[in-house]
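Colleague: See structure18.cif below, with mmCIF, C-alpha atoms and all ligand atoms.
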```cif
data_model
loop_
_atom_site.group_PDB
_atom_site.id
_atom_site.type_symbol
_atom_site.label_atom_id
_atom_site.label_comp_id
_atom_site.auth_asym_id
_atom_site.auth_seq_id
_atom_site.Cartn_x
_atom_site.Cartn_y
_atom_site.Cartn_z
ATOM 1 C CA MET A 1 -5.979 -23.614 8.654
ATOM 2 C CA PRO A 2 -6.296 -21.556 11.859
ATOM 3 C CA LEU A 3 -4.508 -22.841 14.933
ATOM 4 C CA GLN A 4 -6.660 -25.007 17.197
ATOM 5 C CA THR A 5 -9.005 -23.172 19.488
ATOM 6 C CA THR A 6 -7.100 -24.620 22.436
ATOM 7 C CA THR A 7 -4.055 -22.625 21.286
ATOM 8 C CA PRO A 8 -3.360 -19.688 23.598
ATOM 9 C CA GLU A 9 -4.462 -16.292 22.304
ATOM 10 C CA ILE A 10 -1.881 -13.965 20.853
ATOM 11 C CA ARG A 11 -0.645 -11.954 23.850
ATOM 12 C CA PRO A 12 -1.552 -8.237 23.584
ATOM 13 C CA ASP A 13 2.115 -7.174 23.455
ATOM 14 C CA ASN A 14 2.777 -9.683 20.655
ATOM 15 C CA TYR A 15 -0.350 -8.578 18.794
ATOM 16 C CA LYS A 16 0.934 -5.001 18.878
ATOM 17 C CA PHE A 17 4.413 -6.170 17.851
ATOM 18 C CA LEU A 18 2.965 -7.977 14.800
ATOM 19 C CA GLN A 19 0.765 -5.026 13.793
ATOM 20 C CA GLU A 20 3.749 -2.666 13.976
ATOM 21 C CA HIS A 21 6.053 -5.086 12.207
ATOM 22 C CA VAL A 22 3.656 -5.505 9.251
ATOM 23 C CA TYR A 23 3.037 -1.751 9.073
ATOM 24 C CA ASN A 24 6.735 -0.845 9.206
ATOM 25 C CA GLN A 25 7.731 -3.414 6.599
ATOM 26 C CA SER A 26 4.875 -3.005 4.097
ATOM 27 C CA GLY A 27 2.653 -0.040 5.013
ATOM 28 C CA ILE A 28 -0.272 -2.423 5.516
ATOM 29 C CA VAL A 29 -2.539 -1.211 8.324
ATOM 30 C CA LEU A 30 -4.139 -4.018 10.314
ATOM 31 C CA GLU A 31 -6.453 -2.170 12.658
ATOM 32 C CA GLY A 32 -9.289 -3.487 14.814
ATOM 33 C CA ASP A 33 -9.585 -7.119 15.739
ATOM 34 C CA LYS A 34 -7.467 -9.067 13.260
ATOM 35 C CA HIS A 35 -6.728 -12.004 15.589
ATOM 36 C CA TYR A 36 -8.344 -14.493 13.225
ATOM 37 C CA LEU A 37 -6.368 -13.110 10.265
ATOM 38 C CA PHE A 38 -3.048 -13.383 12.108
ATOM 39 C CA GLU A 39 -3.904 -16.864 13.305
ATOM 40 C CA SER A 40 -4.984 -18.217 9.927
ATOM 41 C CA ARG A 41 -2.133 -16.618 7.977
ATOM 42 C CA LEU A 42 0.670 -17.332 10.443
ATOM 43 C CA ALA A 43 -0.334 -20.889 11.422
ATOM 44 C CA PRO A 44 1.570 -22.461 8.488
ATOM 45 C CA ILE A 45 4.771 -20.647 9.492
ATOM 46 C CA VAL A 46 4.338 -21.687 13.131
ATOM 47 C CA ARG A 47 3.938 -25.324 12.040
ATOM 48 C CA GLN A 48 6.779 -25.191 9.517
ATOM 49 C CA LEU A 49 9.178 -23.944 12.211
ATOM 50 C CA GLY A 50 8.061 -26.632 14.667
ATOM 51 C CA LEU A 51 6.723 -24.006 17.060
ATOM 52 C CA GLU A 52 3.502 -24.226 19.042
ATOM 53 C CA THR A 53 2.033 -20.758 19.088
ATOM 54 C CA ILE A 54 2.199 -17.348 17.458
ATOM 55 C CA ASN A 55 3.643 -16.105 20.752
ATOM 56 C CA ASP A 56 6.583 -18.504 20.151
ATOM 57 C CA LEU A 57 6.920 -17.078 16.642
ATOM 58 C CA CYS A 58 7.067 -13.519 17.997
ATOM 59 C CA ALA A 59 9.743 -14.594 20.493
ATOM 60 C CA LEU A 60 11.780 -16.122 17.672
ATOM 61 C CA MET A 61 11.372 -13.003 15.517
ATOM 62 C CA ALA A 62 12.563 -10.824 18.383
ATOM 63 C CA LYS A 63 15.513 -13.146 19.040
ATOM 64 C CA THR A 64 16.762 -13.747 15.498
ATOM 65 C CA ARG A 65 16.094 -10.235 14.191
ATOM 66 C CA GLY A 66 17.088 -11.515 10.747
ATOM 67 C CA PRO A 67 15.226 -10.109 7.751
ATOM 68 C CA ASP A 68 14.104 -13.486 6.372
ATOM 69 C CA LEU A 69 11.620 -14.579 9.023
ATOM 70 C CA GLY A 70 10.324 -11.043 9.379
ATOM 71 C CA ARG A 71 9.729 -10.842 5.635
ATOM 72 C CA GLN A 72 8.055 -14.253 5.543
ATOM 73 C CA VAL A 73 5.622 -13.063 8.218
ATOM 74 C CA VAL A 74 4.760 -9.883 6.290
ATOM 75 C CA GLU A 75 4.312 -11.747 3.015
ATOM 76 C CA ALA A 76 1.947 -14.147 4.763
ATOM 77 C CA MET A 77 -0.147 -11.168 5.860
ATOM 78 C CA THR A 78 -0.615 -9.765 2.342
ATOM 79 C CA THR A 79 -3.944 -10.434 0.620
ATOM 80 C CA ASN A 80 -3.223 -11.694 -2.888
ATOM 81 C CA GLU A 81 -6.761 -12.092 -4.260
ATOM 82 C CA THR A 82 -6.801 -11.437 -8.019
ATOM 83 C CA TYR A 83 -8.189 -12.861 -11.263
ATOM 84 C CA PHE A 84 -8.069 -12.418 -15.019
ATOM 85 C CA PHE A 85 -9.812 -9.341 -16.493
ATOM 86 C CA ARG A 86 -10.932 -8.178 -13.055
ATOM 87 C CA ASP A 87 -13.182 -5.124 -13.434
ATOM 88 C CA PRO A 88 -13.999 -5.538 -17.149
ATOM 89 C CA ALA A 89 -15.007 -1.847 -17.490
ATOM 90 C CA HIS A 90 -11.299 -0.991 -17.168
ATOM 91 C CA TYR A 91 -10.338 -3.304 -20.015
ATOM 92 C CA ASP A 92 -13.198 -1.937 -22.162
ATOM 93 C CA ALA A 93 -11.969 1.636 -21.603
ATOM 94 C CA ILE A 94 -8.422 0.655 -22.498
ATOM 95 C CA ARG A 95 -9.573 -1.186 -25.610
ATOM 96 C CA HIS A 96 -12.011 1.417 -26.937
ATOM 97 C CA VAL A 97 -10.368 4.687 -25.906
ATOM 98 C CA LEU A 98 -6.739 4.412 -24.729
ATOM 99 C CA LEU A 99 -5.421 1.985 -27.347
ATOM 100 C CA PRO A 100 -6.945 3.729 -30.389
ATOM 101 C CA ARG A 101 -5.400 6.996 -29.143
ATOM 102 C CA LEU A 102 -1.995 5.403 -28.540
ATOM 103 C CA ARG A 103 -2.088 3.664 -31.901
ATOM 104 C CA GLY A 104 -2.130 7.111 -33.491
ATOM 105 C CA GLU A 105 0.246 8.876 -31.099
ATOM 106 C CA ARG A 106 2.893 6.155 -31.119
ATOM 107 C CA SER A 107 2.746 5.093 -34.745
ATOM 108 C CA SER A 108 6.318 6.301 -35.369
ATOM 109 C CA ASN A 109 8.116 4.272 -32.687
ATOM 110 C CA LYS A 110 5.398 1.644 -32.031
ATOM 111 C CA LYS A 111 6.361 1.467 -28.377
ATOM 112 C CA LEU A 112 3.955 1.044 -25.444
ATOM 113 C CA SER A 113 4.632 0.631 -21.748
ATOM 114 C CA PHE A 114 2.226 -0.593 -19.069
ATOM 115 C CA TRP A 115 2.650 -1.234 -15.346
ATOM 116 C CA SER A 116 0.625 -3.497 -13.121
ATOM 117 C CA ALA A 117 1.651 -2.249 -9.661
ATOM 118 C CA ALA A 118 0.716 -4.775 -6.943
ATOM 119 C CA SER A 119 0.343 -7.472 -9.590
ATOM 120 C CA SER A 120 -0.013 -10.377 -7.141
ATOM 121 C CA THR A 121 0.184 -13.685 -9.048
ATOM 122 C CA GLY A 122 0.212 -11.937 -12.447
ATOM 123 C CA GLN A 123 -3.319 -12.281 -13.826
ATOM 124 C CA GLU A 124 -3.673 -8.501 -14.202
ATOM 125 C CA ALA A 125 -0.425 -8.060 -16.167
ATOM 126 C CA TYR A 126 -1.150 -11.061 -18.383
ATOM 127 C CA SER A 127 -4.719 -9.830 -19.026
ATOM 128 C CA LEU A 128 -3.240 -6.583 -20.353
ATOM 129 C CA ALA A 129 -0.793 -8.497 -22.542
ATOM 130 C CA MET A 130 -3.523 -10.750 -23.987
ATOM 131 C CA GLY A 131 -5.715 -7.710 -24.644
ATOM 132 C CA LEU A 132 -2.878 -6.023 -26.548
ATOM 133 C CA LEU A 133 -2.283 -9.105 -28.671
ATOM 134 C CA GLU A 134 -6.006 -9.357 -29.381
ATOM 135 C CA ASP A 135 -6.064 -5.713 -30.469
ATOM 136 C CA GLY A 136 -3.351 -6.115 -33.067
ATOM 137 C CA PHE A 137 -0.267 -4.855 -31.212
ATOM 138 C CA LYS A 138 1.681 -8.044 -31.865
ATOM 139 C CA ASP A 139 4.296 -6.273 -33.995
ATOM 140 C CA TRP A 140 4.703 -3.392 -31.560
ATOM 141 C CA ASN A 141 7.330 -3.112 -28.873
ATOM 142 C CA VAL A 142 4.979 -3.599 -25.909
ATOM 143 C CA GLN A 143 6.293 -3.966 -22.383
ATOM 144 C CA VAL A 144 4.167 -4.856 -19.405
ATOM 145 C CA LEU A 145 5.828 -4.641 -16.001
ATOM 146 C CA GLY A 146 4.238 -6.466 -13.067
ATOM 147 C CA THR A 147 5.496 -5.724 -9.563
ATOM 148 C CA ASP A 148 4.549 -6.759 -6.062
ATOM 149 C CA PHE A 149 5.890 -6.522 -2.534
ATOM 150 C CA SER A 150 5.678 -10.269 -2.055
ATOM 151 C CA SER A 151 8.490 -12.258 -3.635
ATOM 152 C CA GLN A 152 6.377 -15.413 -3.365
ATOM 153 C CA VAL A 153 3.653 -14.101 -5.670
ATOM 154 C CA VAL A 154 6.249 -12.577 -8.018
ATOM 155 C CA GLU A 155 7.854 -16.007 -8.417
ATOM 156 C CA ARG A 156 4.481 -17.550 -9.225
ATOM 157 C CA ALA A 157 3.664 -14.754 -11.677
ATOM 158 C CA ARG A 158 6.931 -15.327 -13.527
ATOM 159 C CA LEU A 159 6.001 -18.949 -14.173
ATOM 160 C CA GLY A 160 2.697 -17.964 -15.761
ATOM 161 C CA VAL A 161 1.187 -21.263 -14.664
ATOM 162 C CA TYR A 162 -2.353 -21.351 -13.288
ATOM 163 C CA ARG A 163 -4.656 -23.922 -11.739
ATOM 164 C CA GLN A 164 -7.948 -24.822 -13.393
ATOM 165 C CA ILE A 165 -9.883 -22.833 -10.791
ATOM 166 C CA GLU A 166 -7.770 -19.758 -11.613
ATOM 167 C CA VAL A 167 -8.251 -19.918 -15.382
ATOM 168 C CA ASN A 168 -11.971 -20.360 -14.733
ATOM 169 C CA ARG A 169 -12.080 -16.926 -13.073
ATOM 170 C CA GLY A 170 -12.627 -14.032 -15.494
ATOM 171 C CA LEU A 171 -10.855 -15.527 -18.498
ATOM 172 C CA PRO A 172 -13.000 -15.849 -21.651
ATOM 173 C CA ALA A 173 -12.893 -19.436 -22.998
ATOM 174 C CA ALA A 174 -11.675 -18.250 -26.409
ATOM 175 C CA LEU A 175 -8.619 -16.576 -24.837
ATOM 176 C CA MET A 176 -7.874 -19.625 -22.740
ATOM 177 C CA LEU A 177 -7.816 -21.821 -25.832
ATOM 178 C CA LYS A 178 -5.664 -19.318 -27.706
ATOM 179 C CA TYR A 179 -3.103 -18.295 -25.087
ATOM 180 C CA PHE A 180 -2.755 -21.265 -22.679
ATOM 181 C CA GLN A 181 -1.210 -24.707 -22.960
ATOM 182 C CA ARG A 182 -1.933 -27.606 -20.682
ATOM 183 C CA LYS A 183 0.896 -28.375 -18.280
ATOM 184 C CA GLY A 184 -0.037 -31.490 -16.300
ATOM 185 C CA MET A 185 -3.024 -30.509 -14.182
ATOM 186 C CA GLU A 186 -2.375 -26.801 -14.798
ATOM 187 C CA TRP A 187 -2.327 -24.250 -17.604
ATOM 188 C CA GLN A 188 0.678 -22.228 -18.767
ATOM 189 C CA LEU A 189 0.517 -19.015 -20.767
ATOM 190 C CA THR A 190 2.081 -19.283 -24.193
ATOM 191 C CA GLU A 191 5.521 -17.860 -24.870
ATOM 192 C CA ASP A 192 4.183 -14.922 -26.941
ATOM 193 C CA VAL A 193 2.227 -13.636 -23.904
ATOM 194 C CA ARG A 194 4.943 -14.387 -21.350
ATOM 195 C CA ARG A 195 7.669 -12.586 -23.269
ATOM 196 C CA MET A 196 5.671 -9.332 -23.172
ATOM 197 C CA VAL A 197 5.576 -9.330 -19.371
ATOM 198 C CA ARG A 198 8.367 -8.914 -16.815
ATOM 199 C CA PHE A 199 7.945 -9.208 -13.054
ATOM 200 C CA ASP A 200 9.892 -7.655 -10.227
ATOM 201 C CA THR A 201 9.654 -7.265 -6.459
ATOM 202 C CA ILE A 202 8.932 -3.633 -5.590
ATOM 203 C CA ASP A 203 7.621 -1.994 -2.434
ATOM 204 C CA LEU A 204 5.222 0.741 -3.575
ATOM 205 C CA ARG A 205 6.345 2.973 -0.721
ATOM 206 C CA LYS A 206 9.824 3.273 -2.219
ATOM 207 C CA SER A 207 10.794 5.852 -4.822
ATOM 208 C CA MET A 208 9.626 4.837 -8.294
ATOM 209 C CA ARG A 209 11.461 7.495 -10.247
ATOM 210 C CA THR A 210 13.557 4.931 -12.104
ATOM 211 C CA LEU A 211 10.417 3.257 -13.506
ATOM 212 C CA GLY A 212 8.531 4.325 -16.581
ATOM 213 C CA PRO A 213 7.508 6.351 -18.387
ATOM 214 C CA PHE A 214 4.258 4.407 -18.662
ATOM 215 C CA ASP A 215 1.165 4.871 -20.800
ATOM 216 C CA LEU A 216 -0.978 3.122 -18.206
ATOM 217 C CA VAL A 217 -0.598 2.136 -14.568
ATOM 218 C CA PHE A 218 -2.924 -0.286 -12.825
ATOM 219 C CA CYS A 219 -2.712 0.151 -9.049
ATOM 220 C CA ARG A 220 -5.804 -1.735 -8.034
ATOM 221 C CA ASN A 221 -7.024 -3.161 -4.760
ATOM 222 C CA VAL A 222 -3.912 -2.366 -2.784
ATOM 223 C CA MET A 223 -4.390 1.266 -1.642
ATOM 224 C CA ILE A 224 -7.186 0.073 0.669
ATOM 225 C CA TYR A 225 -4.513 -1.433 2.932
ATOM 226 C CA PHE A 226 -2.559 1.831 3.417
ATOM 227 C CA ASP A 227 -3.075 4.933 5.561
ATOM 228 C CA ALA A 228 -3.850 8.348 4.029
ATOM 229 C CA ALA A 229 -0.250 9.629 4.048
ATOM 230 C CA THR A 230 1.062 6.469 2.366
ATOM 231 C CA LYS A 231 -1.692 6.585 -0.279
ATOM 232 C CA LYS A 232 -0.941 10.190 -1.123
ATOM 233 C CA SER A 233 2.796 9.679 -1.465
ATOM 234 C CA ILE A 234 2.235 6.590 -3.675
ATOM 235 C CA MET A 235 -0.103 8.620 -5.925
ATOM 236 C CA LYS A 236 2.614 11.262 -6.285
ATOM 237 C CA GLU A 237 5.245 8.650 -7.144
ATOM 238 C CA ILE A 238 2.969 6.970 -9.684
ATOM 239 C CA HIS A 239 2.307 10.342 -11.294
ATOM 240 C CA GLY A 240 6.063 10.681 -11.761
ATOM 241 C CA THR A 241 6.163 7.406 -13.722
ATOM 242 C CA LEU A 242 3.375 8.298 -16.186
ATOM 243 C CA PHE A 243 3.534 10.112 -19.499
ATOM 244 C CA ARG A 244 1.523 13.328 -19.411
ATOM 245 C CA GLY A 245 -1.998 12.199 -20.329
ATOM 246 C CA GLY A 246 -1.178 8.644 -19.204
ATOM 247 C CA TRP A 247 -3.834 6.724 -17.320
ATOM 248 C CA LEU A 248 -3.960 5.472 -13.745
ATOM 249 C CA MET A 249 -6.660 3.001 -12.769
ATOM 250 C CA LEU A 250 -7.460 2.224 -9.145
ATOM 251 C CA GLY A 251 -9.611 -0.512 -7.628
ATOM 252 C CA GLY A 252 -13.393 -0.147 -7.512
ATOM 253 C CA ALA A 253 -13.454 0.814 -3.818
ATOM 254 C CA GLU A 254 -10.542 3.249 -4.078
ATOM 255 C CA THR A 255 -10.467 7.011 -4.697
ATOM 256 C CA ALA A 256 -7.830 9.608 -5.640
ATOM 257 C CA PHE A 257 -6.722 10.179 -2.017
ATOM 258 C CA GLY A 258 -6.156 13.921 -2.272
ATOM 259 C CA ALA A 259 -4.059 13.581 -5.411
ATOM 260 C CA GLU A 260 -6.126 16.054 -7.470
ATOM 261 C CA GLU A 261 -3.079 18.236 -8.071
ATOM 262 C CA TRP A 262 -1.471 15.429 -10.089
ATOM 263 C CA PHE A 263 -4.480 13.743 -11.697
ATOM 264 C CA GLU A 264 -7.707 14.687 -13.395
ATOM 265 C CA LYS A 265 -10.500 12.275 -12.609
ATOM 266 C CA THR A 266 -12.692 11.306 -15.541
ATOM 267 C CA THR A 267 -15.112 8.573 -16.580
ATOM 268 C CA VAL A 268 -14.668 6.422 -19.659
ATOM 269 C CA GLY A 269 -17.725 4.249 -20.219
ATOM 270 C CA THR A 270 -18.345 3.089 -16.656
ATOM 271 C CA ALA A 271 -14.656 3.100 -15.684
ATOM 272 C CA THR A 272 -13.049 5.758 -13.537
ATOM 273 C CA VAL A 273 -9.746 6.937 -14.972
ATOM 274 C CA TYR A 274 -7.144 9.237 -13.402
ATOM 275 C CA VAL A 275 -5.371 11.130 -16.171
ATOM 276 C CA ALA A 276 -1.856 12.376 -15.344
ATOM 277 C CA LYS A 277 -1.607 16.194 -15.500
HETATM 278 C C1 LIG A 301 -5.498 -7.808 -3.473
HETATM 279 S S1 LIG A 301 -3.980 -7.909 -4.360
HETATM 280 C C2 LIG A 301 -4.386 -6.972 -5.801
HETATM 281 C C3 LIG A 301 -3.965 -7.671 -7.061
HETATM 282 C C4 LIG A 301 -4.389 -6.981 -8.359
HETATM 283 N N1 LIG A 301 -3.882 -5.626 -8.421
HETATM 284 C C5 LIG A 301 -5.878 -6.994 -8.529
HETATM 285 O O1 LIG A 301 -6.520 -5.951 -8.331
HETATM 286 O O2 LIG A 301 -6.445 -8.028 -8.866
HETATM 287 C C6 LIG A 301 -2.965 -6.774 -3.408
HETATM 288 C C7 LIG A 301 -1.477 -6.967 -3.646
HETATM 289 O O3 LIG A 301 -0.784 -5.848 -3.091
HETATM 290 C C8 LIG A 301 0.469 -6.292 -2.647
HETATM 291 N N2 LIG A 301 1.071 -5.307 -1.718
HETATM 292 C C9 LIG A 301 0.746 -5.079 -0.419
HETATM 293 N N3 LIG A 301 1.549 -4.133 0.098
HETATM 294 C C10 LIG A 301 2.364 -3.725 -0.896
HETATM 295 C C11 LIG A 301 3.429 -2.774 -0.983
HETATM 296 N N4 LIG A 301 3.800 -2.022 0.071
HETATM 297 N N5 LIG A 301 4.069 -2.637 -2.163
HETATM 298 C C12 LIG A 301 3.719 -3.394 -3.241
HETATM 299 N N6 LIG A 301 2.734 -4.310 -3.216
HETATM 300 C C13 LIG A 301 2.064 -4.475 -2.057
HETATM 301 C C14 LIG A 301 0.170 -7.635 -2.024
HETATM 302 O O4 LIG A 301 1.323 -8.463 -1.921
HETATM 303 C C15 LIG A 301 -0.894 -8.196 -2.958
HETATM 304 O O5 LIG A 301 -0.349 -9.089 -3.895
#
```
Turn the structure described in the file into structure tokens.

Modeller:
Amino acid sequence: MPLQTTTPEIRPDNYKFLQEHVYNQSGIVLEGDKHYLFESRLAPIVRQLGLETINDLCALMAKTRGPDLGRQVVEAMTTNETYFFRDPAHYDAIRHVLLPRLRGERSSNKKLSFWSAASSTGQEAYSLAMGLLEDGFKDWNVQVLGTDFSSQVVERARLGVYRQIEVNRGLPAALMLKYFQRKGMEWQLTEDVRRMVRFDTIDLRKSMRTLGPFDLVFCRNVMIYFDAATKKSIMKEIHGTLFRGGWLMLGGAETAFGAEEWFEKTTVGTATVYVAK
């Protein structure tokens, strides 16, 4: 809930301080008038600390200078919107083109590796895992890595427990019946899906050379928050984690960000795919 309208506005110097803090810590650019966003996202922290205003919060951040409060503020400013099988054209392309190819190429070691970068609460990584089980890769050594900047969403993803409203979004009923068990008022993914997926906290702006090699990287609906230089360096790092010929999929509103030297853009069905050169 936003702070009451009687609450004093965020002072301009504090507004700038918050914008810079979020940018420095996460790469997220919050340009233009984002007063409402700061107010709605930071109000719970202000209340939890027994403070009155966001200006008080900024004063405390400046005084304590500890990493914890600063991190909590940045995590609160991340947008974690996600759902199962988001952008179905991507899953169709994987199912009808990538997986048949990999089934042939990897028949000797039966090993596949996928990465959901910016995985939020895990629906994207678990959608991949369910798709692989559905397509007969149960006996293969399949690893799906899900990573996100926010440790809060990573913790939730690890549990693999979702509210009714979350399983109602994007998940076909047949898959819900097959891969979820009721847990009180919520739904938990079955052990065979959960054991295929591992989650970790990773800032996409850091070097990723220790990750991979992957057959497929999802990096969807996160690049929109970064500036051009950050996007380009992330594309280069992701390229370094992919097998040659491996696929990168971006969000619907995102483009290759000047990364043509590392990727060839192609269309599979109605999905845009960036193939690692
Ligand atoms: C809108 S969600 C996208 C979730 C999922 N990929 C999808 O498309 O449904 C964006 C995610 O990016 C994460 N994020 C923001 N900045 C990041 C960074 N520097 N490194 C890694 N993840 C980041 C946020 O925490 C958030 O969970």

Colleague: May I have the protein, DNA and RNA residues with any atom at most 12 Å from the point (-0.5, 3.0, -25.5), counting all atoms listed in the file, written as a PyMOL selection string?

Modeller: chain A and resi 94-107+109-115+128-129+131-132+135+137+140-144+213-217+242-243+245-247

Colleague: The PyMOL selection byres (((not hetatm)) within 8 of (chain A and resi 301)) on the file shown: which residues, as a PyMOL selection string?

Modeller: chain A and resi 25-28+75+78-84+86+116-124+147-150+153+201-205+218-222+225-226+251

Colleague: I'd like the residues picked by the PyMOL selection byres (((chain A and resi 199) around 6) and not hetatm) written out as a short mmCIF file (atom, residue, chain, number, x, y, z; two decimals) with C-alpha atoms, in the coordinates of the input, using the chain letters and numbers from the file.

Modeller:
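So expr_39.cif came out as:
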```cif
data_model
loop_
_atom_site.label_atom_id
_atom_site.label_comp_id
_atom_site.auth_asym_id
_atom_site.auth_seq_id
_atom_site.Cartn_x
_atom_site.Cartn_y
_atom_site.Cartn_z
CA LEU A 145 5.83 -4.64 -16.00
CA GLY A 146 4.24 -6.47 -13.07
CA THR A 147 5.50 -5.72 -9.56
CA ARG A 198 8.37 -8.91 -16.82
CA ASP A 200 9.89 -7.66 -10.23
#
```

Colleague: Please write the residues picked by the PyMOL selection byres (((chain A and resi 161) around 10) and not hetatm) on this file as a PyMOL selection string.

Modeller: chain A and resi 121-122+156-160+162-164+166-167+180-183+186-190

Colleague: Would you work out the distance separating CA of Arg47 (chain A) from CA of Val29 (chain A), expressed in Å to one decimal?

Modeller: 25.2 Å

Colleague: Looking at A:Ala253, A:Tyr15, A:His90, A:Leu175, which one is nearest to Thr267 (chain A), with distances taken over only C-alpha atoms?

Modeller: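 Checking each candidate against Thr267 (chain A), we get A:His90 as the closest.
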
Colleague: Grab the CA of Glu39 (chain A) to CA of Glu9 (chain A) distance for me, in Å with one decimal place.

Modeller: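 Between CA of Glu39 (chain A) and CA of Glu9 (chain A) the gap works out to 9.0 Å.
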
Colleague: Work out how far CA of Ile234 (chain A) is from CA of Gly269 (chain A), in Å to one decimal.

Modeller: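 Here the two named atoms are 26.0 Å from each other.
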
Colleague: Find the residues around Gly258 (chain A) up to 12 Å (all atoms listed in the file counted), leave out those fewer than 3 positions away in its own chain, and share them as an NGL selection string.

Modeller: :A and (228-236 or 254-255 or 261-265)

Colleague: Taking 2 positions as the minimum chain separation for residues in the same chain, which residues sit within 12 Å of Leu30 (chain A) when counting only C-alpha atoms? Answer as a list in words.

Modeller: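 Once the adjacent positions are removed, what remains is Tyr15, Lys16, Phe17, Leu18, Gln19, Glu20, His21, Val22, Tyr23, Asn24, Ser26, Gly27, Ile28, Gly32, Asp33, Lys34, His35, Tyr36, Leu37, Phe38, Val74, Met77, Thr78, Thr79, Ile224, Tyr225, Phe226 and Asp227 of chain A.
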
Colleague: Using C-alpha atoms, can you write the selected residues to a file as an mmCIF file, keeping the file's coordinate frame?

Modeller:
```cif
data_model
loop_
_atom_site.group_PDB
_atom_site.id
_atom_site.type_symbol
_atom_site.label_atom_id
_atom_site.label_comp_id
_atom_site.auth_asym_id
_atom_site.auth_seq_id
_atom_site.Cartn_x
_atom_site.Cartn_y
_atom_site.Cartn_z
ATOM 1 C CA TYR A 15 -0.350 -8.578 18.794
ATOM 2 C CA LYS A 16 0.934 -5.001 18.878
ATOM 3 C CA PHE A 17 4.413 -6.170 17.851
ATOM 4 C CA LEU A 18 2.965 -7.977 14.800
ATOM 5 C CA GLN A 19 0.765 -5.026 13.793
ATOM 6 C CA GLU A 20 3.749 -2.666 13.976
ATOM 7 C CA HIS A 21 6.053 -5.086 12.207
ATOM 8 C CA VAL A 22 3.656 -5.505 9.251
ATOM 9 C CA TYR A 23 3.037 -1.751 9.073
ATOM 10 C CA ASN A 24 6.735 -0.845 9.206
ATOM 11 C CA SER A 26 4.875 -3.005 4.097
ATOM 12 C CA GLY A 27 2.653 -0.040 5.013
ATOM 13 C CA ILE A 28 -0.272 -2.423 5.516
ATOM 14 C CA GLY A 32 -9.289 -3.487 14.814
ATOM 15 C CA ASP A 33 -9.585 -7.119 15.739
ATOM 16 C CA LYS A 34 -7.467 -9.067 13.260
ATOM 17 C CA HIS A 35 -6.728 -12.004 15.589
ATOM 18 C CA TYR A 36 -8.344 -14.493 13.225
ATOM 19 C CA LEU A 37 -6.368 -13.110 10.265
ATOM 20 C CA PHE A 38 -3.048 -13.383 12.108
ATOM 21 C CA VAL A 74 4.760 -9.883 6.290
ATOM 22 C CA MET A 77 -0.147 -11.168 5.860
ATOM 23 C CA THR A 78 -0.615 -9.765 2.342
ATOM 24 C CA THR A 79 -3.944 -10.434 0.620
ATOM 25 C CA ILE A 224 -7.186 0.073 0.669
ATOM 26 C CA TYR A 225 -4.513 -1.433 2.932
ATOM 27 C CA PHE A 226 -2.559 1.831 3.417
ATOM 28 C CA ASP A 227 -3.075 4.933 5.561
#
```

Colleague: So, counting only C-alpha atoms, which residue among A:Ser40, A:Asn14, A:His239, A:Tyr274 is closest to Leu60 (chain A)?

Modeller: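 Smallest distance to Leu60 (chain A) is found for A:Asn14.
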
Colleague: Restricting the calculation to all atoms listed in the file: of A:Leu171, A:Met61, A:Ile238, A:Ala43, which residue gets closest to Thr210 (chain A)?

Modeller: A:Ile238
